[in-house]
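Peer 1: Contents of model.cif (mmCIF, C-alpha atoms) are below:
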```
data_protein
loop_
_atom_site.group_PDB
_atom_site.id
_atom_site.type_symbol
_atom_site.label_atom_id
_atom_site.label_comp_id
_atom_site.auth_asym_id
_atom_site.auth_seq_id
_atom_site.Cartn_x
_atom_site.Cartn_y
_atom_site.Cartn_z
ATOM 1 C CA MET O 253 -21.345 -11.042 15.801
ATOM 2 C CA PRO O 254 -23.735 -11.035 12.819
ATOM 3 C CA GLU O 255 -21.058 -9.822 10.389
ATOM 4 C CA LEU O 256 -19.087 -13.032 10.957
ATOM 5 C CA ASN O 257 -21.671 -14.914 8.905
ATOM 6 C CA LYS O 258 -21.599 -12.513 5.986
ATOM 7 C CA LYS O 259 -20.321 -13.837 2.689
ATOM 8 C CA ILE O 260 -17.626 -11.492 1.441
ATOM 9 C CA LEU O 261 -15.636 -11.537 -1.799
ATOM 10 C CA PHE O 262 -12.393 -9.539 -1.688
ATOM 11 C CA VAL O 263 -11.013 -8.559 -5.110
ATOM 12 C CA SER O 264 -7.479 -7.230 -5.535
ATOM 13 C CA PHE O 265 -3.972 -7.898 -6.781
ATOM 14 C CA GLU O 266 -2.225 -11.039 -5.549
ATOM 15 C CA HIS O 267 -0.221 -9.341 -2.790
ATOM 16 C CA PHE O 268 -3.227 -7.584 -1.242
ATOM 17 C CA ALA O 269 -5.521 -10.579 -1.729
ATOM 18 C CA ASP O 270 -3.056 -12.727 0.221
ATOM 19 C CA LEU O 271 -2.787 -10.091 2.959
ATOM 20 C CA ALA O 272 -6.564 -9.842 3.315
ATOM 21 C CA TYR O 273 -6.988 -13.607 3.417
ATOM 22 C CA ASN O 274 -4.326 -14.060 6.092
ATOM 23 C CA LEU O 275 -5.898 -11.231 8.082
ATOM 24 C CA LEU O 276 -9.525 -12.371 8.037
ATOM 25 C CA LYS O 277 -9.660 -16.105 7.283
ATOM 26 C CA ASP O 278 -10.038 -16.988 10.971
ATOM 27 C CA GLU O 279 -12.512 -14.189 11.711
ATOM 28 C CA LEU O 280 -15.012 -14.442 8.859
ATOM 29 C CA ILE O 281 -16.529 -17.815 8.081
ATOM 30 C CA HIS O 282 -17.257 -16.987 4.442
ATOM 31 C CA PHE O 283 -14.399 -14.685 3.410
ATOM 32 C CA HIS O 284 -13.024 -15.439 -0.053
ATOM 33 C CA VAL O 285 -10.518 -13.666 -2.282
ATOM 34 C CA ILE O 286 -10.106 -13.494 -6.033
ATOM 35 C CA GLN O 287 -7.267 -11.879 -7.957
ATOM 36 C CA TYR O 288 -8.048 -9.006 -10.326
ATOM 37 C CA GLU O 289 -6.554 -10.872 -13.243
ATOM 38 C CA VAL O 290 -9.152 -13.605 -12.761
ATOM 39 C CA TRP O 291 -12.019 -11.247 -11.949
ATOM 40 C CA ASN O 292 -11.370 -9.077 -15.002
ATOM 41 C CA ARG O 293 -11.638 -12.070 -17.320
ATOM 42 C CA LEU O 294 -15.216 -12.730 -16.212
ATOM 43 C CA ASP O 295 -18.041 -11.388 -18.356
ATOM 44 C CA LEU O 296 -21.129 -9.754 -16.853
ATOM 45 C CA ILE O 297 -23.174 -12.957 -16.694
ATOM 46 C CA SER O 298 -20.342 -14.811 -14.947
ATOM 47 C CA LYS O 299 -19.983 -11.998 -12.413
ATOM 48 C CA ILE O 300 -23.718 -12.061 -11.709
ATOM 49 C CA LEU O 301 -23.678 -15.812 -11.144
ATOM 50 C CA LEU O 302 -20.705 -15.480 -8.782
ATOM 51 C CA LEU O 303 -22.018 -12.483 -6.837
ATOM 52 C CA ARG O 304 -25.318 -14.215 -6.132
ATOM 53 C CA LYS O 305 -23.340 -16.177 -3.528
ATOM 54 C CA TYR O 306 -22.073 -13.086 -1.668
ATOM 55 C CA ASP O 307 -23.428 -10.316 0.546
ATOM 56 C CA ILE O 308 -20.510 -7.939 -0.065
ATOM 57 C CA ILE O 309 -17.859 -7.478 -2.738
ATOM 58 C CA HIS O 310 -14.841 -5.473 -1.603
ATOM 59 C CA SER O 311 -12.862 -4.066 -4.539
ATOM 60 C CA PHE O 312 -9.447 -3.183 -3.106
ATOM 61 C CA TRP O 313 -8.364 -0.960 -5.990
ATOM 62 C CA ALA O 314 -10.967 1.364 -7.441
ATOM 63 C CA LYS O 315 -11.496 -0.153 -10.855
ATOM 64 C CA ASN O 316 -14.698 1.918 -11.308
ATOM 65 C CA SER O 317 -16.378 -0.717 -13.464
ATOM 66 C CA TYR O 318 -19.966 -0.279 -14.643
ATOM 67 C CA ASN O 319 -20.217 -4.048 -15.024
ATOM 68 C CA ASP O 320 -19.366 -4.551 -11.360
ATOM 69 C CA ILE O 321 -22.038 -2.075 -10.266
ATOM 70 C CA ILE O 322 -24.638 -3.572 -12.615
ATOM 71 C CA ALA O 323 -23.880 -7.072 -11.331
ATOM 72 C CA CYS O 324 -24.243 -5.862 -7.737
ATOM 73 C CA ARG O 325 -27.540 -4.102 -8.381
ATOM 74 C CA LEU O 326 -28.975 -7.189 -10.066
ATOM 75 C CA THR O 327 -27.876 -9.514 -7.266
ATOM 76 C CA GLY O 328 -28.346 -7.209 -4.276
ATOM 77 C CA THR O 329 -24.668 -7.536 -3.369
ATOM 78 C CA LYS O 330 -23.212 -4.518 -1.575
ATOM 79 C CA TYR O 331 -20.271 -2.904 -3.358
ATOM 80 C CA ILE O 332 -17.244 -1.441 -1.556
ATOM 81 C CA ASN O 333 -14.987 0.676 -3.777
ATOM 82 C CA HIS O 334 -11.543 1.089 -2.189
ATOM 83 C CA TYR O 335 -8.940 3.565 -3.531
ATOM 84 C CA ILE O 336 -5.332 2.668 -2.770
ATOM 85 C CA GLY O 337 -3.032 4.917 -4.822
ATOM 86 C CA SER O 338 -2.669 5.462 -8.559
ATOM 87 C CA ASP O 339 -6.358 4.605 -9.057
ATOM 88 C CA VAL O 340 -7.067 8.069 -7.613
ATOM 89 C CA LEU O 341 -4.990 9.658 -10.381
ATOM 90 C CA HIS O 342 -7.316 8.126 -12.982
ATOM 91 C CA VAL O 343 -10.058 10.195 -11.365
ATOM 92 C CA THR O 344 -8.280 13.425 -10.433
ATOM 93 C CA LYS O 345 -5.863 13.674 -13.372
ATOM 94 C CA GLY O 346 -7.810 11.768 -16.016
ATOM 95 C CA SER O 347 -10.466 12.872 -18.469
ATOM 96 C CA ARG O 348 -13.822 14.403 -17.568
ATOM 97 C CA LYS O 349 -15.387 11.157 -18.704
ATOM 98 C CA ALA O 350 -13.314 9.237 -16.151
ATOM 99 C CA LEU O 351 -14.420 11.635 -13.397
ATOM 100 C CA ARG O 352 -18.098 11.363 -14.341
ATOM 101 C CA LYS O 353 -17.781 7.590 -14.306
ATOM 102 C CA ALA O 354 -16.118 7.602 -10.883
ATOM 103 C CA LEU O 355 -18.824 9.886 -9.475
ATOM 104 C CA LYS O 356 -21.528 7.568 -10.763
ATOM 105 C CA ILE O 357 -19.802 4.496 -9.312
ATOM 106 C CA HIS O 358 -19.494 6.362 -6.000
ATOM 107 C CA LYS O 359 -23.233 7.082 -6.048
ATOM 108 C CA TYR O 360 -24.137 3.404 -6.358
ATOM 109 C CA SER O 361 -21.442 2.020 -4.047
ATOM 110 C CA TRP O 362 -22.424 0.860 -0.576
ATOM 111 C CA LYS O 363 -19.205 2.334 0.802
ATOM 112 C CA THR O 364 -16.260 4.202 -0.692
ATOM 113 C CA LEU O 365 -12.923 3.872 1.093
ATOM 114 C CA ALA O 366 -9.314 4.998 0.705
ATOM 115 C CA ASP O 367 -6.162 3.798 2.422
ATOM 116 C CA SER O 368 -4.627 7.173 3.286
ATOM 117 C CA GLU O 369 -5.735 10.634 4.367
ATOM 118 C CA ASN O 370 -4.142 12.322 1.365
ATOM 119 C CA LEU O 371 -6.176 10.158 -1.023
ATOM 120 C CA ILE O 372 -9.353 11.090 0.851
ATOM 121 C CA GLU O 373 -8.517 14.778 0.399
ATOM 122 C CA GLU O 374 -7.766 14.312 -3.310
ATOM 123 C CA LEU O 375 -11.077 12.511 -3.846
ATOM 124 C CA LYS O 376 -12.948 15.188 -1.903
ATOM 125 C CA CYS O 377 -11.500 17.871 -4.174
ATOM 126 C CA ALA O 378 -12.825 15.886 -7.145
ATOM 127 C CA GLY O 379 -16.333 15.772 -5.654
ATOM 128 C CA ILE O 380 -16.155 12.289 -4.124
ATOM 129 C CA ASP O 381 -16.933 12.790 -0.453
ATOM 130 C CA ASN O 382 -17.890 10.660 2.565
ATOM 131 C CA VAL O 383 -14.863 8.441 1.953
ATOM 132 C CA GLY O 384 -13.802 6.227 4.853
ATOM 133 C CA LEU O 385 -10.251 5.341 5.883
ATOM 134 C CA LEU O 386 -9.173 1.684 5.941
ATOM 135 C CA GLN O 387 -5.612 0.360 5.709
ATOM 136 C CA ILE O 388 -4.720 -3.280 5.167
ATOM 137 C CA PHE O 389 -1.247 -3.304 6.690
ATOM 138 C CA PHE O 390 -0.768 -5.313 9.887
ATOM 139 C CA TYR O 391 1.941 -7.225 11.702
ATOM 140 C CA ASP O 392 1.895 -10.601 13.383
ATOM 141 C CA LYS O 393 3.361 -10.454 16.900
ATOM 142 C CA SER O 394 4.868 -13.922 16.521
ATOM 143 C CA LEU O 395 6.995 -12.747 13.584
ATOM 144 C CA LEU O 396 8.389 -9.595 15.172
ATOM 145 C CA THR O 397 12.113 -9.238 15.703
ATOM 146 C CA GLU O 398 13.968 -6.761 17.851
ATOM 147 C CA SER O 399 15.391 -3.724 16.079
ATOM 148 C CA SER O 400 19.114 -4.130 15.581
ATOM 149 C CA ASP O 401 21.679 -1.623 16.808
ATOM 150 C CA ASP O 402 24.744 -3.539 15.661
ATOM 151 C CA LEU O 403 24.500 -3.148 11.889
ATOM 152 C CA LYS O 404 27.749 -3.574 9.991
ATOM 153 C CA GLU O 405 27.108 -0.470 7.902
ATOM 154 C CA LYS O 406 24.585 2.337 7.518
ATOM 155 C CA SER O 407 23.196 1.406 4.128
ATOM 156 C CA VAL O 408 20.181 2.962 2.397
ATOM 157 C CA LEU O 409 17.434 0.832 0.835
ATOM 158 C CA THR O 410 14.878 2.024 -1.714
ATOM 159 C CA TYR O 411 12.404 0.635 -4.253
ATOM 160 C CA ILE O 412 12.622 1.819 -7.881
ATOM 161 C CA PRO O 413 11.023 -0.582 -10.397
ATOM 162 C CA GLU O 414 12.354 -0.573 -13.931
ATOM 163 C CA GLY O 415 10.337 1.594 -16.269
ATOM 164 C CA LYS O 416 9.197 3.832 -13.397
ATOM 165 C CA GLU O 417 12.495 5.503 -12.560
ATOM 166 C CA ASP O 418 11.086 9.031 -12.768
ATOM 167 C CA PHE O 419 8.031 8.242 -10.618
ATOM 168 C CA TYR O 420 10.138 6.580 -7.899
ATOM 169 C CA GLY O 421 12.979 9.078 -7.867
ATOM 170 C CA LEU O 422 16.078 7.427 -9.338
ATOM 171 C CA ASP O 423 17.680 10.814 -10.033
ATOM 172 C CA PHE O 424 17.524 11.673 -6.335
ATOM 173 C CA ILE O 425 19.254 8.420 -5.373
ATOM 174 C CA VAL O 426 22.007 9.069 -7.921
ATOM 175 C CA GLU O 427 22.497 12.577 -6.516
ATOM 176 C CA ALA O 428 22.577 11.270 -2.945
ATOM 177 C CA ALA O 429 25.041 8.510 -3.823
ATOM 178 C CA LYS O 430 27.441 11.112 -5.216
ATOM 179 C CA ILE O 431 27.147 13.276 -2.106
ATOM 180 C CA PHE O 432 27.627 10.301 0.251
ATOM 181 C CA PRO O 433 30.184 8.131 -1.611
ATOM 182 C CA LEU O 434 30.966 5.992 1.456
ATOM 183 C CA THR O 435 27.327 4.981 1.916
ATOM 184 C CA LYS O 436 25.863 2.023 0.039
ATOM 185 C CA PHE O 437 22.541 2.736 -1.718
ATOM 186 C CA ILE O 438 20.605 -0.465 -2.425
ATOM 187 C CA VAL O 439 17.901 -0.352 -5.105
ATOM 188 C CA SER O 440 15.356 -3.168 -5.281
ATOM 189 C CA ALA O 441 13.150 -4.167 -8.252
ATOM 190 C CA ASN O 442 15.747 -2.875 -10.701
ATOM 191 C CA SER O 443 18.600 -4.589 -12.559
ATOM 192 C CA GLY O 444 20.505 -1.314 -13.018
ATOM 193 C CA LYS O 445 21.082 -1.337 -16.768
ATOM 194 C CA TYR O 446 22.167 2.291 -16.849
ATOM 195 C CA GLU O 447 25.379 4.041 -17.802
ATOM 196 C CA ASN O 448 27.655 6.025 -15.499
ATOM 197 C CA MET O 449 26.076 5.013 -12.210
ATOM 198 C CA PRO O 450 27.989 5.774 -8.969
ATOM 199 C CA ALA O 451 29.882 2.720 -7.717
ATOM 200 C CA ASN O 452 28.114 2.810 -4.341
ATOM 201 C CA ILE O 453 24.679 2.084 -5.865
ATOM 202 C CA VAL O 454 23.797 -1.616 -5.766
ATOM 203 C CA PHE O 455 20.929 -2.818 -7.964
ATOM 204 C CA LEU O 456 19.293 -6.000 -6.677
ATOM 205 C CA GLY O 457 16.902 -6.736 -9.513
ATOM 206 C CA TRP O 458 13.515 -8.141 -8.542
ATOM 207 C CA VAL O 459 13.388 -9.438 -4.961
ATOM 208 C CA ASN O 460 10.556 -11.750 -3.904
ATOM 209 C CA ASN O 461 11.158 -11.187 -0.203
ATOM 210 C CA ILE O 462 12.508 -7.809 0.806
ATOM 211 C CA ASP O 463 12.565 -8.610 4.540
ATOM 212 C CA LYS O 464 16.263 -9.549 4.587
ATOM 213 C CA TYR O 465 17.264 -6.207 3.090
ATOM 214 C CA LEU O 466 14.934 -4.255 5.383
ATOM 215 C CA GLU O 467 16.575 -5.963 8.346
ATOM 216 C CA GLU O 468 20.070 -5.026 7.164
ATOM 217 C CA CYS O 469 19.558 -1.404 6.086
ATOM 218 C CA PHE O 470 19.752 1.646 8.371
ATOM 219 C CA ILE O 471 17.655 4.026 6.246
ATOM 220 C CA TYR O 472 14.666 3.289 4.021
ATOM 221 C CA ILE O 473 13.566 5.762 1.333
ATOM 222 C CA ARG O 474 10.135 5.790 -0.307
ATOM 223 C CA ASN O 475 10.263 8.621 -2.843
ATOM 224 C CA THR O 476 7.213 8.672 -5.116
ATOM 225 C CA LYS O 477 5.405 11.437 -6.963
ATOM 226 C CA HIS O 478 2.094 10.053 -5.692
ATOM 227 C CA ASP O 479 1.285 7.413 -3.119
ATOM 228 C CA GLY O 480 -1.413 5.775 -1.086
ATOM 229 C CA PHE O 481 -0.583 4.042 2.172
ATOM 230 C CA PRO O 482 3.022 2.798 1.799
ATOM 231 C CA THR O 483 3.152 -0.584 3.539
ATOM 232 C CA SER O 484 6.913 -0.812 2.991
ATOM 233 C CA VAL O 485 7.337 2.297 5.150
ATOM 234 C CA MET O 486 5.458 0.612 7.985
ATOM 235 C CA GLN O 487 7.538 -2.548 7.552
ATOM 236 C CA ALA O 488 10.665 -0.423 7.885
ATOM 237 C CA LEU O 489 9.347 1.394 10.969
ATOM 238 C CA LEU O 490 8.491 -1.913 12.635
ATOM 239 C CA ARG O 491 12.159 -2.823 12.279
ATOM 240 C CA GLY O 492 13.296 0.440 13.833
ATOM 241 C CA LYS O 493 14.610 1.896 10.586
ATOM 242 C CA HIS O 494 14.956 5.585 9.853
ATOM 243 C CA VAL O 495 12.550 6.431 7.044
ATOM 244 C CA LEU O 496 12.399 9.198 4.468
ATOM 245 C CA CYS O 497 9.139 9.349 2.511
ATOM 246 C CA THR O 498 6.795 11.691 0.666
ATOM 247 C CA GLN O 499 3.876 10.893 2.971
ATOM 248 C CA LYS O 500 3.274 12.658 6.280
ATOM 249 C CA ILE O 501 3.765 9.720 8.636
ATOM 250 C CA PRO O 502 4.807 10.167 12.270
ATOM 251 C CA PHE O 503 8.496 9.615 13.025
ATOM 252 C CA THR O 504 9.585 9.772 9.385
ATOM 253 C CA LYS O 505 11.434 12.526 7.552
ATOM 254 C CA THR O 506 10.805 14.208 4.221
ATOM 255 C CA VAL O 507 12.912 13.029 1.299
ATOM 256 C CA SER O 508 15.949 15.296 1.118
ATOM 257 C CA ILE O 509 19.731 15.260 1.158
ATOM 258 C CA GLU O 510 19.572 16.933 4.567
ATOM 259 C CA GLY O 511 17.320 14.141 5.819
ATOM 260 C CA ILE O 512 19.818 11.487 4.751
ATOM 261 C CA ALA O 513 22.678 13.387 6.395
ATOM 262 C CA GLU O 514 20.716 13.687 9.638
ATOM 263 C CA CYS O 515 19.956 9.957 9.690
ATOM 264 C CA LEU O 516 23.551 8.990 8.922
ATOM 265 C CA ASN O 517 24.653 11.012 11.949
ATOM 266 C CA MET O 518 22.431 8.890 14.200
ATOM 267 C CA ASN O 519 23.574 5.678 15.826
ATOM 268 C CA ASP O 520 20.428 4.314 17.436
ATOM 269 C CA PRO O 521 17.401 2.631 15.803
ATOM 270 C CA ASN O 522 14.192 4.601 15.251
ATOM 271 C CA GLU O 523 12.472 3.348 18.395
ATOM 272 C CA LYS O 524 9.724 6.002 18.313
ATOM 273 C CA GLY O 525 8.799 4.957 14.791
ATOM 274 C CA ARG O 526 8.780 1.320 15.838
ATOM 275 C CA ASP O 527 6.548 2.066 18.843
ATOM 276 C CA PHE O 528 4.130 4.005 16.613
ATOM 277 C CA ALA O 529 3.792 1.076 14.208
ATOM 278 C CA LEU O 530 3.425 -1.420 17.069
ATOM 279 C CA LYS O 531 0.661 0.617 18.679
ATOM 280 C CA ASN O 532 -1.429 1.263 15.572
ATOM 281 C CA TYR O 533 -1.045 -1.751 13.287
ATOM 282 C CA SER O 534 -1.400 -4.897 15.342
ATOM 283 C CA LYS O 535 -3.349 -7.656 13.618
ATOM 284 C CA GLU O 536 -6.099 -7.393 16.223
ATOM 285 C CA GLU O 537 -6.568 -3.647 15.648
ATOM 286 C CA VAL O 538 -6.752 -3.987 11.870
ATOM 287 C CA ILE O 539 -9.199 -6.916 12.061
ATOM 288 C CA LYS O 540 -11.496 -4.771 14.211
ATOM 289 C CA LYS O 541 -11.419 -1.975 11.637
ATOM 290 C CA PHE O 542 -12.301 -4.363 8.795
ATOM 291 C CA LEU O 543 -15.170 -5.903 10.756
ATOM 292 C CA ASP O 544 -16.509 -2.426 11.524
ATOM 293 C CA VAL O 545 -16.574 -1.651 7.793
ATOM 294 C CA TYR O 546 -18.456 -4.856 6.992
ATOM 295 C CA LYS O 547 -21.192 -4.063 9.506
ATOM 296 C CA CYS O 548 -24.499 -2.784 8.082
#
```
Show this structure as structure tokens.

Peer 2:
Amino acid sequence: MPELNKKILFVSFEHFADLAYNLLKDELIHFHVIQYEVWNRLDLISKILLLRKYDIIHSFWAKNSYNDIIACRLTGTKYINHYIGSDVLHVTKGSRKALRKALKIHKYSWKTLADSENLIEELKCAGIDNVGLLQIFFYDKSLLTESSDDLKEKSVLTYIPEGKEDFYGLDFIVEAAKIFPLTKFIVSANSGKYENMPANIVFLGWVNNIDKYLEECFIYIRNTKHDGFPTSVMQALLRGKHVLCTQKIPFTKTVSIEGIAECLNMNDPNEKGRDFALKNYSKEEVIKKFLDVYKC
């Protein structure tokens, strides 16, 4: 296919850059990634010199940079602006200046994308329309494990980074831990330096690989005030976990005390959720969607 010969530069944070590279390195001959921290240190001239080598730059986080658009217009490189979460809030909840800037970037972008339906709706309400849907999450069949039905305990896992306790719902976890004192609530990305915490809350601190804890939990909670496409939810579903989240995702429940109680009364894995993730997020399916986006 012609798109296989296109030279594409994918710009994002380390985690997403690694995901994109592992997804497309064998499909696209000239697919390169660069981390935002490196990209942001480049001045306009350096960006122009770099972009002269590429047909497409895919910005996986809508930075809305005039310099990026100027560099693309001068080099003829096509610009993809991809919203993935809190970057939408800069547009919808920010200043009028930020909105005007985002609208102008949208006008000169080759394609504007978002990674969830709710983000597309939020952007549409702000005047940014014709936004496509593209999600980067995928699984590798060779790494799949069977969902376990012989867990030692029905523990609850959640992610609440330090400094963002309000945004990720620490108060709800504290309330739930008090209501279900015999259930262990495991909090990742947080050292737990708080007073008067229930004894059944375990703070892990930062965890480089959350897979072990996803395997061992029975319930996963993703409780955010705003979200894009939550890859951790899909990772949990692939493992047959019962999931409570703020997004409307098939075979998950809304975040509530009642939802936790309902899950704790279950004994079997969430096989319907697992089947949904298996059907929709295979590596082959996601590769096809990316290649479709990169077509002219």

Peer 1: What does the PyMOL selection byres ((chain O and resi 492-497) around 6) select in this file, as a PyMOL selection string?

Peer 2: chain O and resi 399+470-475+488-491+498-499+504-507+521-523+526

Peer 1: Go through O:Tyr360, O:Tyr288, O:Tyr465, O:Phe389 and flag the residue nearest Ile322 in chain O, using all atoms listed in the file for the distances.

Peer 2: O:Tyr360

Peer 1: Assuming the chain letters and numbering stay as they are in my file, what does the PyMOL selection byres ((chain O and resi 415-425) around 8) actually select? List them as number ranges by chain.

Peer 2: O: 411-414, 426-429, 437, 474-478

Peer 1: Restricting the output to C-alpha atoms, write the selected residues as a short mmCIF file (atom, residue, chain, number, x, y, z; two decimals), in the coordinates of the input.

Peer 2:
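See part.cif below for the written result:
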```
data_model
loop_
_atom_site.label_atom_id
_atom_site.label_comp_id
_atom_site.auth_asym_id
_atom_site.auth_seq_id
_atom_site.Cartn_x
_atom_site.Cartn_y
_atom_site.Cartn_z
CA TYR O 411 12.40 0.64 -4.25
CA ILE O 412 12.62 1.82 -7.88
CA PRO O 413 11.02 -0.58 -10.40
CA GLU O 414 12.35 -0.57 -13.93
CA VAL O 426 22.01 9.07 -7.92
CA GLU O 427 22.50 12.58 -6.52
CA ALA O 428 22.58 11.27 -2.94
CA ALA O 429 25.04 8.51 -3.82
CA PHE O 437 22.54 2.74 -1.72
CA ARG O 474 10.14 5.79 -0.31
CA ASN O 475 10.26 8.62 -2.84
CA THR O 476 7.21 8.67 -5.12
CA LYS O 477 5.40 11.44 -6.96
CA HIS O 478 2.09 10.05 -5.69
#
```

Peer 1: Between CA of Leu355 in chain O and CA of Lys541 in chain O, what is the distance in Å, rounded to a tenth?

Peer 2: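 Computed distance, CA of Leu355 in chain O to CA of Lys541 in chain O, equals 25.3 Å.
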
Peer 1: Report the residues retrieved by the PyMOL selection byres ((chain O and resi 388) around 10) from the displayed file, expressed as a VMD selection string.

Peer 2: chain O and resid 268 271 to 272 275 312 336 367 386 to 387 389 to 390 481 483 533 535 538 to 539 541 to 542

Peer 1: Enter the distance from CA of Cys515 in chain O to CA of Thr435 in chain O, in Å, rounded to one decimal.

Peer 2: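 Separation of CA of Cys515 in chain O and CA of Thr435 in chain O: 11.8 Å.
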
Peer 1: Rounded to one decimal place, report the CA of Asp392 in chain O-CA of Ile286 in chain O distance in Å.

Peer 2: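 CA of Asp392 in chain O sits 23.0 Å away from CA of Ile286 in chain O.
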
Peer 1: Check the smallest atom-to-atom distance from each of O:Lys524, O:Lys353, O:Leu326, O:Phe503 to Leu296 in chain O using all atoms listed in the file, then report the winner.

Peer 2: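 For Leu296 in chain O, the nearest of the given residues is O:Leu326.
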
Peer 1: Using all atoms listed in the file, give me every residue within 9 Å of (-3.0, 3.3, -6.3) in file coordinates, as a ChimeraX atom specification.

Peer 2: /O:313-314,335-341,478-481

Peer 1: Go ahead and write the residues just picked, C-alpha atoms, as a PDB file, in the coordinates of the input.

Peer 2:
```
ATOM      1  CA  TRP O 313      -8.364  -0.960  -5.990  1.00  0.00           C
ATOM      2  CA  ALA O 314     -10.967   1.364  -7.441  1.00  0.00           C
ATOM      3  CA  TYR O 335      -8.940   3.565  -3.531  1.00  0.00           C
ATOM      4  CA  ILE O 336      -5.332   2.668  -2.770  1.00  0.00           C
ATOM      5  CA  GLY O 337      -3.032   4.917  -4.822  1.00  0.00           C
ATOM      6  CA  SER O 338      -2.669   5.462  -8.559  1.00  0.00           C
ATOM      7  CA  ASP O 339      -6.358   4.605  -9.057  1.00  0.00           C
ATOM      8  CA  VAL O 340      -7.067   8.069  -7.613  1.00  0.00           C
ATOM      9  CA  LEU O 341      -4.990   9.658 -10.381  1.00  0.00           C
ATOM     10  CA  HIS O 478       2.094  10.053  -5.692  1.00  0.00           C
ATOM     11  CA  ASP O 479       1.285   7.413  -3.119  1.00  0.00           C
ATOM     12  CA  GLY O 480      -1.413   5.775  -1.086  1.00  0.00           C
ATOM     13  CA  PHE O 481      -0.583   4.042   2.172  1.00  0.00           C
TER      14      PHE O 481
END
```

Peer 1: Which neighbours of Lys359 in chain O fall inside 12 Å, counting all atoms listed in the file, when residues of the same chain fewer than 3 positions from it are skipped, and could you give them as a list in words?

Peer 2: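 Everything that qualifies: Asn316, Tyr318, Ile321, Tyr331, Ile332, Asn333, Arg352, Lys353, Ala354, Leu355, Lys356, Trp362, Lys363, Thr364, Gly379, Ile380, Asp381, Asn382 and Val383 of chain O.
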
Peer 1: With only C-alpha atoms as the atoms that count, which of O:Asn257, O:Leu365, O:Met449, O:Glu514 lies nearest to Glu279 in chain O?

Peer 2: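 Smallest distance to Glu279 in chain O is found for O:Asn257.
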
Peer 1: List as a count of residues only the residues having at least one atom at most 6 Å from position (-21.8, -5.6, -0.3) as given in the file, counting all atoms listed in the file.

Peer 2: 6

Peer 1: Box for range 260-274 of chain O - axis-aligned, 4 Å on each of the six sides, all listed atoms - centre and size in Å to one decimal, as AutoDock Vina command-line options.

Peer 2:
```
--center_x -8.9 --center_y -10.6 --center_z -0.3 --size_x 25.4 --size_y 14.8 --size_z 20.9
```

Peer 1: Kindly indicate which residue among O:Val263, O:His334, O:Leu280, O:Lys406 lies nearest to Lys540 in chain O, using only C-alpha atoms for the distances.

Peer 2: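 Ranking O:Val263, O:His334, O:Leu280, O:Lys406 by distance to Lys540 in chain O, first place goes to O:Leu280.
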
Peer 1: Pick out the residues sitting within 6 Å of Ala269 in chain O, and hand them over as number ranges by chain; count all atoms listed in the file, and ignore anything fewer than 4 positions along from it in its own chain.

Peer 2: O: 264-265, 285

Peer 1: Point out the residue among O:Cys548, O:Gln487, O:Lys315, O:Asp320 with the least atom-to-atom distance to Gly525 in chain O, counting only C-alpha atoms.

Peer 2: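 Of all the options, O:Gln487 lies closest to Gly525 in chain O.
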
Peer 1: Would you list the contacts of Ser440 in chain O as a PyMOL selection string, taking every protein, DNA or RNA residue within 7 Å and counting all atoms listed in the file, but skipping same-chain residues closer than 5 positions in sequence?

Peer 2: chain O and resi 410-412+455-459

Peer 1: Pull C-alpha atoms from the residues just selected and write them as a PDB file, in the coordinates of the input.

Peer 2:
```
ATOM      1  CA  THR O 410      14.878   2.024  -1.714  1.00  0.00           C
ATOM      2  CA  TYR O 411      12.404   0.635  -4.253  1.00  0.00           C
ATOM      3  CA  ILE O 412      12.622   1.819  -7.881  1.00  0.00           C
ATOM      4  CA  PHE O 455      20.929  -2.818  -7.964  1.00  0.00           C
ATOM      5  CA  LEU O 456      19.293  -6.000  -6.677  1.00  0.00           C
ATOM      6  CA  GLY O 457      16.902  -6.736  -9.513  1.00  0.00           C
ATOM      7  CA  TRP O 458      13.515  -8.141  -8.542  1.00  0.00           C
ATOM      8  CA  VAL O 459      13.388  -9.438  -4.961  1.00  0.00           C
TER       9      VAL O 459
END
```

Peer 1: Please determine, counting only C-alpha atoms, which residue among O:Asp527, O:Glu369, O:Glu510, O:Glu468 has the shortest atom-to-atom distance to Ile431 in chain O.

Peer 2: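 The shortest atom-to-atom distance to Ile431 in chain O comes from O:Glu510.
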